[in-house]
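What follows is a set of notes on a single structure, which appears directly below.
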Amino acid sequence: QVQLVESGGGLVQAGGSLRLSCAASGSIFRFNSMGWYRQAPGKQRELVASITTSGSTGGSTVYADSVKGRFTISRDNTKNTVYLQMNSLKPEDTAVYYCYIYSFGSWGQGTQVTVSS
């Protein structure tokens with residue numbers, strides 16, 4: 001069993017930045033691809049970004065078209081943590097953001113991000 005704990009959400013004005021963190025329990029973190037997903041009210045959960053394993057700071061990344069150029073996913077395997085740096089935030093980025101570990105199929109509890117116009 002692996003536990004994921006997200007943090008870093010909050011309220012920010014459009015154009016602002018936030019950095020989300022997801023800390024994973026256990027030593028298996030470095031062997032797993034990780035993802036950030038989000039779910040806005042009334043909408044399905046969608047992939048924001050994912051990162052594979054490679055070395056201590058991660059391998060290849062994938063981004064949703066809507067966040068390319070604005071968001072950056074990264075990881076630090078020495079801290080069992082994956083990050084999502086979000087810049088140039090827009091009101092449509094408002095959602096609950098969830099961390100996901102692929103091989104376990106486990107989700108974090110989510111962290112709310114609200115972007116005001």
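The way I read the labels, and the way they are meant: chains A, B, ... in the order of the structure tokens, residue 1 as the first residue of every chain, and ligand 1 as the first ligand shown, with later ones counted on from there.
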
Non-local contacts of region 29-38 of chain A (7 Å; only C-alpha atoms; under 3 positions in same chain excluded) as a list in words: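 Answer for this query is Ala24, Gly26, Arg45, Glu46, Leu47, Val48, Ala49, Ser50, Ile51, Thr52, Thr53, Asn77, Asn80, Ala95, Val96, Tyr97, Tyr98, Cys99, Tyr100, Ile101, Tyr102 and Ser103 of chain A.
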
Residues near Ser17 (chain A), anyone? I mean within 10 Å using only C-alpha atoms, not counting same-chain ones fewer than 6 positions away, as an MDAnalysis selection string. chainID A and resid 11 70:71 85:90 115

Go ahead and save the picked residues with N, CA and C atoms, as a short mmCIF file (atom, residue, chain, number, x, y, z; two decimals), in the first residue's frame.
data_model
loop_
_atom_site.label_atom_id
_atom_site.label_comp_id
_atom_site.auth_asym_id
_atom_site.auth_seq_id
_atom_site.Cartn_x
_atom_site.Cartn_y
_atom_site.Cartn_z
N LEU A 11 -5.78 29.75 -3.46
CA LEU A 11 -6.45 30.75 -4.29
C LEU A 11 -5.41 31.70 -4.86
N ARG A 70 2.98 26.13 -19.82
CA ARG A 70 2.65 26.85 -18.58
C ARG A 70 2.95 26.01 -17.34
N PHE A 71 2.75 24.70 -17.44
CA PHE A 71 2.96 23.81 -16.29
C PHE A 71 4.21 22.96 -16.52
N GLN A 85 4.67 22.56 -11.13
CA GLN A 85 4.81 24.01 -11.15
C GLN A 85 3.82 24.57 -12.15
N MET A 86 2.94 25.45 -11.69
CA MET A 86 1.88 25.99 -12.53
C MET A 86 2.08 27.50 -12.65
N ASN A 87 2.36 27.95 -13.85
CA ASN A 87 2.55 29.38 -14.12
C ASN A 87 1.46 29.88 -15.05
N SER A 88 1.32 31.18 -15.12
CA SER A 88 0.32 31.82 -16.00
C SER A 88 -1.05 31.17 -15.83
N LEU A 89 -1.46 31.02 -14.60
CA LEU A 89 -2.72 30.33 -14.31
C LEU A 89 -3.91 31.08 -14.87
N LYS A 90 -4.91 30.31 -15.30
CA LYS A 90 -6.13 30.85 -15.87
C LYS A 90 -7.32 30.38 -15.05
N VAL A 115 -8.49 29.75 -9.33
CA VAL A 115 -7.89 30.89 -10.02
C VAL A 115 -8.98 31.92 -10.28
#

Helix (DSSP H, G or I) positions in chain A, given as a list in words: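 So, restricting chain A to helix (DSSP H, G or I), we get Phe29, Arg30, Phe31, Pro91, Glu92 and Asp93 of chain A.
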
Same residues, N, CA and C atoms, saved as a PDB file, in the first residue's frame:
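Result file follows (result-v5.pdb):
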ATOM      1  N   PHE A  29       8.781   4.598  -4.646  1.00  0.00           N
ATOM      2  CA  PHE A  29       8.476   5.790  -5.439  1.00  0.00           C
ATOM      3  C   PHE A  29       9.326   5.882  -6.686  1.00  0.00           C
ATOM      4  N   ARG A  30      10.643   5.628  -6.542  1.00  0.00           N
ATOM      5  CA  ARG A  30      11.547   5.855  -7.661  1.00  0.00           C
ATOM      6  C   ARG A  30      11.312   4.892  -8.815  1.00  0.00           C
ATOM      7  N   PHE A  31      10.560   3.840  -8.576  1.00  0.00           N
ATOM      8  CA  PHE A  31      10.319   2.848  -9.616  1.00  0.00           C
ATOM      9  C   PHE A  31       9.005   3.054 -10.352  1.00  0.00           C
ATOM     10  N   PRO A  91      -8.428  31.102 -15.089  1.00  0.00           N
ATOM     11  CA  PRO A  91      -9.618  30.657 -14.353  1.00  0.00           C
ATOM     12  C   PRO A  91     -10.039  29.238 -14.719  1.00  0.00           C
ATOM     13  N   GLU A  92      -9.831  28.831 -15.954  1.00  0.00           N
ATOM     14  CA  GLU A  92     -10.217  27.479 -16.362  1.00  0.00           C
ATOM     15  C   GLU A  92      -9.305  26.400 -15.785  1.00  0.00           C
ATOM     16  N   ASP A  93      -8.233  26.781 -15.099  1.00  0.00           N
ATOM     17  CA  ASP A  93      -7.398  25.811 -14.390  1.00  0.00           C
ATOM     18  C   ASP A  93      -7.979  25.461 -13.019  1.00  0.00           C
TER      19      ASP A  93
END

Find, counting only C-alpha atoms, the residue in A:Gln44, A:Gln109, A:Ser116, A:Ser74 that gets nearest to Gly15 (chain A).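 Closest to Gly15 (chain A) of all the choices is A:Ser116.
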
Measuring between only C-alpha atoms, which one of A:Thr94, A:Thr81, A:Ser21, A:Ser66 shows the shortest distance to Gln112 (chain A)?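 Among A:Thr94, A:Thr81, A:Ser21, A:Ser66, it is A:Thr94 that comes nearest to Gln112 (chain A).
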
Step one, run DSSP on the backbone; step two, keep only residues of region 3-73 of chain A assigned to strand (DSSP E); then write them as a ChimeraX atom specification. /A:4-7,10-13,18-24,34-39,46-51,61-63,71-73
